[in-house]
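Heads up, the thing below is written out as structure tokens.
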Amino acid sequence: MKTRSRLVPLLPVLALLAACGATVEPAPAPAGGEAATATVTNCGEQVTYPIPQRAVSYDISGTEKMFALGLAGKMRGYVLNKVADPSIDGSAYKADYAKVPRLGTARITREIVVDAQADWVFAGWNSGFSEERGITPKLLEQLGIRSYLHTETCWDYGTAKADVSPLDALFADLENLGKIFHVEARATELVGQLRGRLDAVRKGVPAGAEPARVFVYDSGTDQPYTAGKHAAPTDLIAAAGGRNVFGELADGWGSVGWEPVVRAQPEVIVVVDYGDQPAQAKIDFVKSFEGLKNSPAVRENRFHVMSIGELVSGPRNIDGAENLARYLRSIGR
């Protein structure tokens with residue numbers, strides 16, 4: 001296991017931030033010396049953090065993991081693509097979204113982070129952090145800004161390629177955040193509650209039932225965009241008593257051809273709901289697609305709409321599992 005230190009000397013950091021055009025406010029030094037730091041394993045590496053004072057999160061995943069642990073007061077802000085806006089209305093953390101500044105409505109960038117004078121950034125690999133867009137943990141570290149990557153995305157990051165199932169990754173993130181922000185008791189309680197609810201969902205699956213074949217339709221007409229092995233829907237579908245027909249796809253979210261969808265003969269189609277394309281428009285398209293007209297899902301009109309907030313890594317994954325389980329039971333599956 002590799003170890004990386006992110007305790008960067010202050011003076012070089014100030015110079016680098018100044019070069020980016022930022023007015024720097026040094027973070028107050030937490031009391032307690034060594035006790036004010038925490039070491040966790042992130043993407044196969046041990047990382048030591050002082051307690052973040054000016055955190056920035058990207059997307060629903062990072063933002064709601066923070067909110068769920070009561071960490072809104074430690075946040076300088078969050079970045080959330082505007083297509084995810086409808087998911088805020090259905091969130092248990094709607095009040096926190098209104099209270100914490102929104103720093104951007106598209107992708108997170110290095111400029112946003114520097115302008116916010118962040119000291120810690122929470123995002124996923126290739127779903128926030130990106131070599132191509134010039135915002136990576138390594139580049140931010142050169143500016144004295146520490147990072148934490150969603151465990152769900154570690155399969156595609158660095159040399160360790162830590163492969164953790166999506167829901168286990170969610171629990172690992174919450175536990176690690178508890179350590180980093182020194183709210184371990186709250187994290188332990190939350191993870192216990194979520195695990196208990198998940199166990200209840202699994203116990204509700206009819207004994208001996210064949211898992212329902214489920215296709216997750218996010219978007220796309222030429223090629224459908226769907227959830228693969230490393231994305232949360234695969235785990236929550238399994239917990240609810242189904243099987244993601246692309247659960248072996250070696251990806252998080254990715255594009256596939258329509259022919260494999262037709263061959264899979266899905267019995268249920270989960271339609272992802274977010275702002276730029278109405279769920280009903282997606283349903284209408286699938287119903288019009290010639291190859292799927294005789295699939296069980298289309299023939300029996302078995303479409304289940306789910307918020308993007310339930311399907312990206314976060315506490316609402318358990319809501320998603322519960323809601324899908326209720327739907328599957330309602331159709332006798």
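Residue numbering restarts at 1 in every chain; chains get A, B, ... in the order shown in the structure tokens, and ligands count up from 1 in that same order.
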Next on the checklist: I'd like the contact shell of Arg195 (chain A) - 9 Å cut-off, only C-alpha atoms, skipping same-chain residues fewer than 5 positions apart - returned as a PyMOL selection string.
Outcome noted: chain A and resi 171+190+200+318
Checklist entry - Which residues come within 10 Å of Leu71 (chain A), counting only C-alpha atoms, excluding same-chain residues fewer than 3 positions away, as a PyMOL selection string? => result chain A and resi 55+63-68+74-75+96+177-178+181+183
Checklist entry - Which neighbours of Asp218 (chain A) fall inside 9 Å, counting only C-alpha atoms, when residues of the same chain fewer than 2 positions from it are skipped, and could you give them as an MDAnalysis selection string? => result chainID A and resid 216 220 224:227 270:273 282 308
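Using only C-alpha atoms, the shortest contact distance between Val305 (chain A) and any of A:Arg333, A:Pro266, A:Ala38, A:Phe215 is found at A:Phe215.
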Item to check | Near-region 151-167 of chain A list (6 Å; only C-alpha atoms; drop same-chain fewer than 5 positions) as an MDAnalysis selection string | outcome: chainID A and resid 43:44 124:125 231:232
Checklist entry - Could you pull the residues within 8 Å of Thr41 (chain A), counting only C-alpha atoms, minus those fewer than 5 positions along the same chain, as a PyMOL selection string? => result chain A and resi 46-47+176
